[in-house]
Amino acid sequence: MDMHLPGSRPIGVFDSGYGGLTVFKAIAARLPQYDYLYLGDNARSPYGNRSFDTVHQYTLQCVEWFFKMGCPLVILACNTASAKALRTIQQQDLTRLGPEKRVLGVIRPTAEVIGNYTLTNHVGVLGTKGTVNSLSYPIEINKFFPEVHVHQQACPMWVPLVENNEYGSKGADYFIKKNLDELLGKQPDIDTLLLACTHYPLLIDKIKEHVPPHVKVVAQGSIVADSLEDYLLRHKKMASSLTQNGSIRFYTTDDTEDFDRQGTVFFGNEVKSIHLHV
Ligand code: DGL
């Protein structure tokens with residue numbers, strides 16, 4: 001079921017699964033007037049360990065669906081998709097799909113501000129293997145803050161821990177401490193830790209328990225919401241092309257019951273999804 005509501009021009013928000021709801025929550029709270037479609041590609045998630053080609057192919061397919069549904073603007077709330085698919089979509093696919101349409105990610109808005117948090121000029125980035133190996137964060141952060149040293153750590157167990165509702169458990173403590181010790185062991189002067197994965201905000205309390213109190217732990221949601229608000233102020237034509245009825249529709253490519261149960265935890269409000277066949 002993927003009926004386009006005639007006349008509706010929502011903002012599309014995409015993630016590989018439920019995780020992007022942590023980002024969407026902040027966007028919907030900041031800009032409640034717009035209409036939104038959220039799509040989680042749960043049937044093919046996680047994206048974290050997949051190749052560039054696969055992440056591009058899956059993400060592009062979902063972006064095309066958003067366009068078909070009338071979205072002039074799509075936000076890739078997923079770090080892995082932003083790291084591995086966004087550039088190709090922006091530079092190659094949009095020419096064919098509609099140059100007036102826009103697809104934005106979460107890495108650039110975060111890179112633009114993260115250097116303002118650090119006093120030591122040592123920032124730690126925690127993400128999936130895909131995000132870390134793409135080097136997108138060090139490259140983007142150094143464009144805006146050349147003096148900042150970026151130290152990355154892949155945390156491949158953290159997404160499965162969250163997805164399996166183990167984020168409050170002793171097992172979570174073990175893997176969180178292990179990866180944080182590895183990162184801070186490489187560079188003890190890190191004073192800012194960026195949660196560069198949609199799932200990690202659910203682990204924020206535990207992460208804070210395992211780092212010294214002066215270390216700032218930064219989640220992306222409000223940074224991305226600030227940036228989108230600013231983007232729409234600067235791009236009035238885009239802003240006025242979006243419909244504003246305050247509606248939200250959730251879609252998942254997998255089981256809707258599962259999405260609704262997990263999605264409600266990530267979003268913090270009741271989620272009722274529609275199934276989309278890909
Ligand atoms: N949404 C992904 C990200 O932010 C995490 C889950 C996945 O690996 O698909 O990197």
# chains A, B, ... in the order shown; residues from 1 in each chain; ligands from 1
>>> closest_atom_pairs(of="stretch 157-232 of chain A", to="stretch 133-144 of chain A", cutoff="12 Å", atoms="only C-alpha atoms", output="Markdown table")
| residue | atom | partner | partner_atom | distance |
| --- | --- | --- | --- | --- |
| A:Leu194 | CA | A:Tyr137 | CA | 10.0 |
| A:Leu195 | CA | A:Tyr137 | CA | 11.4 |
| A:Ala196 | CA | A:Tyr137 | CA | 8.7 |
| A:Cys197 | CA | A:Tyr137 | CA | 11.7 |
>>> write_last_selection(atoms="C-alpha atoms", output="tab-separated table (two decimals), in the first residue's frame")
chain	number	residue	atom	x	y	z
A	194	LEU	CA	29.77	12.15	18.46
A	195	LEU	CA	27.08	9.48	18.26
A	196	ALA	CA	27.25	9.05	14.47
A	197	CYS	CA	24.64	6.33	14.26
>>> residues_around(residues="stretch 165-178 of chain A", least_positions_apart="5", cutoff="12 Å", atoms="only C-alpha atoms", output="mmCIF file with all heavy atoms, in the first residue's frame")
data_model
loop_
_atom_site.group_PDB
_atom_site.id
_atom_site.type_symbol
_atom_site.label_atom_id
_atom_site.label_comp_id
_atom_site.auth_asym_id
_atom_site.auth_seq_id
_atom_site.Cartn_x
_atom_site.Cartn_y
_atom_site.Cartn_z
ATOM 1 N N LEU A 126 31.748 7.776 16.838
ATOM 2 C CA LEU A 126 31.305 6.389 17.020
ATOM 3 C C LEU A 126 30.273 6.075 15.950
ATOM 4 O O LEU A 126 29.298 6.827 15.796
ATOM 5 C CB LEU A 126 30.670 6.233 18.405
ATOM 6 C CG LEU A 126 31.562 6.610 19.590
ATOM 7 C CD1 LEU A 126 30.726 6.941 20.817
ATOM 8 C CD2 LEU A 126 32.532 5.474 19.894
ATOM 9 N N GLN A 153 35.767 5.155 15.813
ATOM 10 C CA GLN A 153 35.633 3.817 16.387
ATOM 11 C C GLN A 153 34.368 3.154 15.838
ATOM 12 O O GLN A 153 33.268 3.695 15.998
ATOM 13 C CB GLN A 153 35.536 3.927 17.920
ATOM 14 C CG GLN A 153 35.410 2.605 18.632
ATOM 15 C CD GLN A 153 36.695 1.774 18.548
ATOM 16 O OE1 GLN A 153 37.805 2.305 18.684
ATOM 17 N NE2 GLN A 153 36.567 0.491 18.288
ATOM 18 N N ALA A 154 34.533 2.019 15.180
ATOM 19 C CA ALA A 154 33.358 1.252 14.748
ATOM 20 C C ALA A 154 32.852 0.439 15.941
ATOM 21 O O ALA A 154 33.642 -0.130 16.691
ATOM 22 C CB ALA A 154 33.739 0.321 13.602
ATOM 23 N N CYS A 155 31.543 0.416 16.103
ATOM 24 C CA CYS A 155 30.939 -0.294 17.246
ATOM 25 C C CYS A 155 29.895 -1.285 16.700
ATOM 26 O O CYS A 155 28.684 -1.070 16.861
ATOM 27 C CB CYS A 155 30.273 0.706 18.195
ATOM 28 S SG CYS A 155 31.320 2.096 18.630
ATOM 29 N N PRO A 156 30.353 -2.342 16.039
ATOM 30 C CA PRO A 156 29.423 -3.201 15.297
ATOM 31 C C PRO A 156 28.371 -3.908 16.150
ATOM 32 O O PRO A 156 27.344 -4.331 15.632
ATOM 33 C CB PRO A 156 30.338 -4.212 14.601
ATOM 34 C CG PRO A 156 31.668 -4.081 15.220
ATOM 35 C CD PRO A 156 31.762 -2.754 15.888
ATOM 36 N N MET A 157 28.608 -4.036 17.464
ATOM 37 C CA MET A 157 27.632 -4.741 18.312
ATOM 38 C C MET A 157 26.529 -3.822 18.835
ATOM 39 O O MET A 157 25.532 -4.297 19.371
ATOM 40 C CB MET A 157 28.357 -5.371 19.512
ATOM 41 C CG MET A 157 29.242 -6.546 19.153
ATOM 42 S SD MET A 157 28.322 -7.844 18.323
ATOM 43 C CE MET A 157 27.324 -8.433 19.693
ATOM 44 N N TRP A 158 26.711 -2.518 18.717
ATOM 45 C CA TRP A 158 25.764 -1.620 19.387
ATOM 46 C C TRP A 158 24.384 -1.614 18.731
ATOM 47 O O TRP A 158 23.367 -1.581 19.421
ATOM 48 C CB TRP A 158 26.330 -0.192 19.451
ATOM 49 C CG TRP A 158 27.533 -0.042 20.346
ATOM 50 C CD1 TRP A 158 28.307 -1.042 20.861
ATOM 51 C CD2 TRP A 158 28.091 1.175 20.823
ATOM 52 N NE1 TRP A 158 29.318 -0.511 21.610
ATOM 53 C CE2 TRP A 158 29.214 0.845 21.603
ATOM 54 C CE3 TRP A 158 27.779 2.530 20.641
ATOM 55 C CZ2 TRP A 158 30.006 1.814 22.231
ATOM 56 C CZ3 TRP A 158 28.565 3.494 21.262
ATOM 57 C CH2 TRP A 158 29.666 3.135 22.054
ATOM 58 N N VAL A 159 24.338 -1.657 17.384
ATOM 59 C CA VAL A 159 23.023 -1.678 16.706
ATOM 60 C C VAL A 159 22.250 -2.953 17.076
ATOM 61 O O VAL A 159 21.093 -2.878 17.508
ATOM 62 C CB VAL A 159 23.159 -1.498 15.179
ATOM 63 C CG1 VAL A 159 21.870 -1.866 14.456
ATOM 64 C CG2 VAL A 159 23.547 -0.056 14.858
ATOM 65 N N PRO A 160 22.880 -4.158 16.967
ATOM 66 C CA PRO A 160 22.135 -5.360 17.379
ATOM 67 C C PRO A 160 21.686 -5.313 18.840
ATOM 68 O O PRO A 160 20.602 -5.791 19.165
ATOM 69 C CB PRO A 160 23.125 -6.507 17.152
ATOM 70 C CG PRO A 160 24.237 -5.970 16.342
ATOM 71 C CD PRO A 160 24.157 -4.478 16.315
ATOM 72 N N LEU A 183 38.683 3.421 21.969
ATOM 73 C CA LEU A 183 38.790 4.762 21.378
ATOM 74 C C LEU A 183 39.589 5.710 22.292
ATOM 75 O O LEU A 183 40.538 6.366 21.839
ATOM 76 C CB LEU A 183 37.384 5.329 21.128
ATOM 77 C CG LEU A 183 37.324 6.731 20.546
ATOM 78 C CD1 LEU A 183 38.002 6.795 19.181
ATOM 79 C CD2 LEU A 183 35.876 7.201 20.410
ATOM 80 N N LEU A 184 39.218 5.755 23.572
ATOM 81 C CA LEU A 184 39.896 6.685 24.479
ATOM 82 C C LEU A 184 41.325 6.223 24.767
ATOM 83 O O LEU A 184 42.190 7.036 25.116
ATOM 84 C CB LEU A 184 39.089 6.861 25.769
ATOM 85 C CG LEU A 184 37.732 7.553 25.558
ATOM 86 C CD1 LEU A 184 36.872 7.491 26.807
ATOM 87 C CD2 LEU A 184 37.902 9.004 25.122
ATOM 88 N N GLY A 185 41.571 4.916 24.590
ATOM 89 C CA GLY A 185 42.930 4.397 24.733
ATOM 90 C C GLY A 185 43.821 4.928 23.614
ATOM 91 O O GLY A 185 45.001 5.201 23.800
ATOM 92 N N HIS A 199 21.080 4.707 16.104
ATOM 93 C CA HIS A 199 20.666 3.894 17.256
ATOM 94 C C HIS A 199 21.309 4.333 18.571
ATOM 95 O O HIS A 199 20.803 4.022 19.641
ATOM 96 C CB HIS A 199 21.041 2.428 17.031
ATOM 97 C CG HIS A 199 20.185 1.732 16.039
ATOM 98 N ND1 HIS A 199 20.010 2.200 14.763
ATOM 99 C CD2 HIS A 199 19.444 0.598 16.139
ATOM 100 C CE1 HIS A 199 19.207 1.363 14.108
ATOM 101 N NE2 HIS A 199 18.852 0.389 14.920
ATOM 102 N N TYR A 200 22.458 4.976 18.478
ATOM 103 C CA TYR A 200 23.244 5.187 19.690
ATOM 104 C C TYR A 200 22.615 6.121 20.725
ATOM 105 O O TYR A 200 22.919 5.992 21.908
ATOM 106 C CB TYR A 200 24.667 5.662 19.335
ATOM 107 C CG TYR A 200 25.484 4.695 18.485
ATOM 108 C CD1 TYR A 200 26.738 5.054 17.992
ATOM 109 C CD2 TYR A 200 25.005 3.421 18.170
ATOM 110 C CE1 TYR A 200 27.484 4.183 17.212
ATOM 111 C CE2 TYR A 200 25.745 2.549 17.383
ATOM 112 C CZ TYR A 200 26.986 2.933 16.903
ATOM 113 O OH TYR A 200 27.725 2.073 16.127
ATOM 114 N N PRO A 201 21.730 7.060 20.319
ATOM 115 C CA PRO A 201 21.101 7.885 21.368
ATOM 116 C C PRO A 201 20.380 7.043 22.433
ATOM 117 O O PRO A 201 20.265 7.466 23.576
ATOM 118 C CB PRO A 201 20.115 8.768 20.589
ATOM 119 C CG PRO A 201 20.746 8.907 19.250
ATOM 120 C CD PRO A 201 21.392 7.569 18.984
ATOM 121 N N LEU A 202 19.924 5.841 22.058
ATOM 122 C CA LEU A 202 19.275 4.997 23.067
ATOM 123 C C LEU A 202 20.272 4.460 24.091
ATOM 124 O O LEU A 202 19.880 3.937 25.129
ATOM 125 C CB LEU A 202 18.506 3.847 22.418
ATOM 126 C CG LEU A 202 17.097 4.245 21.972
ATOM 127 C CD1 LEU A 202 17.106 4.823 20.574
ATOM 128 C CD2 LEU A 202 16.138 3.089 22.059
ATOM 129 N N LEU A 203 21.554 4.568 23.765
ATOM 130 C CA LEU A 203 22.592 4.078 24.677
ATOM 131 C C LEU A 203 23.267 5.221 25.423
ATOM 132 O O LEU A 203 24.232 5.004 26.149
ATOM 133 C CB LEU A 203 23.664 3.314 23.872
ATOM 134 C CG LEU A 203 23.200 2.084 23.083
ATOM 135 C CD1 LEU A 203 24.308 1.614 22.147
ATOM 136 C CD2 LEU A 203 22.816 0.959 24.035
ATOM 137 N N ILE A 204 22.755 6.446 25.268
ATOM 138 C CA ILE A 204 23.511 7.617 25.732
ATOM 139 C C ILE A 204 23.794 7.587 27.245
ATOM 140 O O ILE A 204 24.892 7.941 27.671
ATOM 141 C CB ILE A 204 22.831 8.943 25.293
ATOM 142 C CG1 ILE A 204 23.822 10.110 25.394
ATOM 143 C CG2 ILE A 204 21.561 9.232 26.073
ATOM 144 C CD1 ILE A 204 23.407 11.342 24.603
ATOM 145 N N ASP A 205 22.828 7.121 28.041
ATOM 146 C CA ASP A 205 23.070 7.103 29.491
ATOM 147 C C ASP A 205 24.200 6.144 29.841
ATOM 148 O O ASP A 205 25.055 6.447 30.666
ATOM 149 C CB ASP A 205 21.795 6.723 30.256
ATOM 150 C CG ASP A 205 20.738 7.813 30.124
ATOM 151 O OD1 ASP A 205 21.128 8.971 29.850
ATOM 152 O OD2 ASP A 205 19.537 7.498 30.255
ATOM 153 N N LYS A 206 24.189 4.995 29.192
ATOM 154 C CA LYS A 206 25.244 4.007 29.452
ATOM 155 C C LYS A 206 26.597 4.519 28.950
ATOM 156 O O LYS A 206 27.619 4.322 29.594
ATOM 157 C CB LYS A 206 24.913 2.674 28.774
ATOM 158 C CG LYS A 206 23.846 1.888 29.498
ATOM 159 C CD LYS A 206 24.126 0.392 29.396
ATOM 160 C CE LYS A 206 23.192 -0.412 30.285
ATOM 161 N NZ LYS A 206 23.564 -0.337 31.701
ATOM 162 N N ILE A 207 26.588 5.172 27.790
ATOM 163 C CA ILE A 207 27.852 5.705 27.254
ATOM 164 C C ILE A 207 28.435 6.706 28.252
ATOM 165 O O ILE A 207 29.627 6.670 28.567
ATOM 166 C CB ILE A 207 27.622 6.353 25.864
ATOM 167 C CG1 ILE A 207 27.214 5.284 24.850
ATOM 168 C CG2 ILE A 207 28.864 7.105 25.393
ATOM 169 C CD1 ILE A 207 26.686 5.808 23.522
ATOM 170 N N LYS A 208 27.581 7.575 28.786
ATOM 171 C CA LYS A 208 28.052 8.593 29.739
ATOM 172 C C LYS A 208 28.650 7.957 30.993
ATOM 173 O O LYS A 208 29.584 8.501 31.585
ATOM 174 C CB LYS A 208 26.908 9.535 30.113
ATOM 175 C CG LYS A 208 26.581 10.531 29.010
ATOM 176 C CD LYS A 208 25.472 11.455 29.429
ATOM 177 C CE LYS A 208 25.167 12.475 28.340
ATOM 178 N NZ LYS A 208 23.898 13.155 28.539
ATOM 179 N N GLU A 209 28.119 6.793 31.379
ATOM 180 C CA GLU A 209 28.653 6.112 32.570
ATOM 181 C C GLU A 209 30.089 5.641 32.356
ATOM 182 O O GLU A 209 30.828 5.444 33.311
ATOM 183 C CB GLU A 209 27.812 4.855 32.887
ATOM 184 C CG GLU A 209 26.532 5.145 33.630
ATOM 185 C CD GLU A 209 25.661 3.886 33.720
ATOM 186 O OE1 GLU A 209 26.203 2.759 33.695
ATOM 187 O OE2 GLU A 209 24.429 4.060 33.786
ATOM 188 N N HIS A 210 30.463 5.417 31.084
ATOM 189 C CA HIS A 210 31.763 4.812 30.811
ATOM 190 C C HIS A 210 32.804 5.798 30.291
ATOM 191 O O HIS A 210 33.861 5.379 29.828
ATOM 192 C CB HIS A 210 31.599 3.659 29.811
ATOM 193 C CG HIS A 210 30.849 2.503 30.387
ATOM 194 N ND1 HIS A 210 31.378 1.692 31.374
ATOM 195 C CD2 HIS A 210 29.591 2.040 30.150
ATOM 196 C CE1 HIS A 210 30.483 0.772 31.709
ATOM 197 N NE2 HIS A 210 29.394 0.971 30.983
ATOM 198 N N VAL A 211 32.497 7.097 30.333
ATOM 199 C CA VAL A 211 33.511 8.085 29.924
ATOM 200 C C VAL A 211 33.681 9.107 31.047
ATOM 201 O O VAL A 211 32.766 9.309 31.849
ATOM 202 C CB VAL A 211 33.133 8.802 28.596
ATOM 203 C CG1 VAL A 211 33.121 7.825 27.430
ATOM 204 C CG2 VAL A 211 31.805 9.533 28.703
ATOM 205 N N PRO A 212 34.853 9.752 31.127
ATOM 206 C CA PRO A 212 35.045 10.761 32.167
ATOM 207 C C PRO A 212 33.987 11.864 32.061
ATOM 208 O O PRO A 212 33.511 12.161 30.950
ATOM 209 C CB PRO A 212 36.447 11.318 31.862
ATOM 210 C CG PRO A 212 37.109 10.300 30.996
ATOM 211 C CD PRO A 212 36.026 9.573 30.261
ATOM 212 N N ARG A 261 6.014 -1.524 17.371
ATOM 213 C CA ARG A 261 6.475 -1.748 18.749
ATOM 214 C C ARG A 261 7.842 -1.084 18.962
ATOM 215 O O ARG A 261 8.029 -0.286 19.879
ATOM 216 C CB ARG A 261 6.555 -3.261 19.009
ATOM 217 C CG ARG A 261 6.702 -3.618 20.472
ATOM 218 C CD ARG A 261 6.663 -5.112 20.711
ATOM 219 N NE ARG A 261 7.540 -5.846 19.821
ATOM 220 C CZ ARG A 261 7.134 -6.658 18.840
ATOM 221 N NH1 ARG A 261 5.861 -6.845 18.619
ATOM 222 N NH2 ARG A 261 8.006 -7.279 18.074
ATOM 223 N N GLN A 262 8.785 -1.393 18.084
ATOM 224 C CA GLN A 262 10.140 -0.839 18.235
ATOM 225 C C GLN A 262 10.153 0.665 17.937
ATOM 226 O O GLN A 262 10.833 1.434 18.606
ATOM 227 C CB GLN A 262 11.098 -1.530 17.253
ATOM 228 C CG GLN A 262 11.445 -2.926 17.599
ATOM 229 C CD GLN A 262 12.504 -2.968 18.690
ATOM 230 O OE1 GLN A 262 12.236 -2.600 19.825
ATOM 231 N NE2 GLN A 262 13.693 -3.402 18.340
ATOM 232 N N GLY A 263 9.384 1.030 16.907
ATOM 233 C CA GLY A 263 9.365 2.433 16.487
ATOM 234 C C GLY A 263 8.880 3.354 17.598
ATOM 235 O O GLY A 263 9.382 4.462 17.762
ATOM 236 N N VAL A 265 9.400 3.017 20.704
ATOM 237 C CA VAL A 265 10.522 3.229 21.637
ATOM 238 C C VAL A 265 11.467 4.303 21.084
ATOM 239 O O VAL A 265 11.865 5.232 21.780
ATOM 240 C CB VAL A 265 11.314 1.904 21.864
ATOM 241 C CG1 VAL A 265 12.528 2.144 22.744
ATOM 242 C CG2 VAL A 265 10.404 0.825 22.436
ATOM 243 N N PHE A 266 11.790 4.203 19.792
ATOM 244 C CA PHE A 266 12.736 5.153 19.188
ATOM 245 C C PHE A 266 12.119 6.550 19.052
ATOM 246 O O PHE A 266 12.791 7.550 19.214
ATOM 247 C CB PHE A 266 13.162 4.672 17.796
ATOM 248 C CG PHE A 266 14.215 3.601 17.806
ATOM 249 C CD1 PHE A 266 13.873 2.275 17.990
ATOM 250 C CD2 PHE A 266 15.549 3.913 17.627
ATOM 251 C CE1 PHE A 266 14.837 1.276 17.993
ATOM 252 C CE2 PHE A 266 16.523 2.933 17.622
ATOM 253 C CZ PHE A 266 16.163 1.605 17.808
#
>>> closest_atom_pairs(of="chain A", to="ligand 1", cutoff="7 Å", atoms="only C-alpha atoms and all ligand atoms", output="Markdown table")
| residue | atom | partner | partner_atom_place_in_ligand_line | distance |
| --- | --- | --- | --- | --- |
| A:Asp15 | CA | ligand 1 | 1 (N) | 5.6 |
| A:Ser16 | CA | ligand 1 | 9 (O) | 4.7 |
| A:Gly17 | CA | ligand 1 | 9 (O) | 6.4 |
| A:Gly19 | CA | ligand 1 | 1 (N) | 5.3 |
| A:Gly20 | CA | ligand 1 | 1 (N) | 6.0 |
| A:Ser45 | CA | ligand 1 | 9 (O) | 4.9 |
| A:Pro46 | CA | ligand 1 | 9 (O) | 3.3 |
| A:Tyr47 | CA | ligand 1 | 9 (O) | 3.6 |
| A:Gly48 | CA | ligand 1 | 8 (O) | 3.3 |
| A:Asn49 | CA | ligand 1 | 8 (O) | 6.7 |
| A:Cys78 | CA | ligand 1 | 4 (O) | 4.0 |
| A:Asn79 | CA | ligand 1 | 4 (O) | 3.8 |
| A:Thr80 | CA | ligand 1 | 10 (O) | 4.0 |
| A:Gly127 | CA | ligand 1 | 10 (O) | 6.3 |
| A:Thr128 | CA | ligand 1 | 10 (O) | 5.5 |
| A:Thr131 | CA | ligand 1 | 10 (O) | 6.4 |
| A:Val159 | CA | ligand 1 | 6 (C) | 6.0 |
| A:Ala196 | CA | ligand 1 | 4 (O) | 6.6 |
| A:Cys197 | CA | ligand 1 | 4 (O) | 3.6 |
| A:Thr198 | CA | ligand 1 | 4 (O) | 4.0 |
| A:His199 | CA | ligand 1 | 5 (C) | 6.1 |
>>> write_last_selection(atoms="C-alpha atoms", output="compact mmCIF listing (two decimals), in the first residue's frame")
# COMPACT_ATOMS: atom_id res chain seq x y z
CA ASP A 15 16.48 5.26 7.42
CA SER A 16 17.54 1.65 7.07
CA GLY A 17 15.10 0.88 9.90
CA GLY A 19 16.92 4.21 14.13
CA GLY A 20 16.20 7.28 12.01
CA SER A 45 18.55 -3.49 7.42
CA PRO A 46 21.09 -3.24 8.90
CA TYR A 47 22.99 -1.33 6.24
CA GLY A 48 26.05 -0.90 8.50
CA ASN A 49 28.22 -3.67 7.05
CA CYS A 78 20.78 7.18 8.31
CA ASN A 79 24.51 7.80 8.77
CA THR A 80 25.47 4.76 6.72
CA GLY A 127 29.53 4.71 14.11
CA THR A 128 28.90 1.56 12.11
CA THR A 131 30.29 4.94 8.28
CA VAL A 159 23.02 -1.68 16.71
CA ALA A 196 27.25 9.05 14.47
CA CYS A 197 24.64 6.33 14.26
CA THR A 198 20.89 6.62 14.59
CA HIS A 199 20.67 3.89 17.26
>>> select_by_dssp(residues="stretch 135-259 of chain A", states="helix (DSSP H, G or I)", output="PyMOL selection string")
chain A and resi 136-144+158-163+170-186+200-209+221-234+236-241+256-259
>>> select_by_dssp(residues="stretch 130-172 of chain A", states="strand (DSSP E or B)", output="number ranges by chain")
A: 149-154
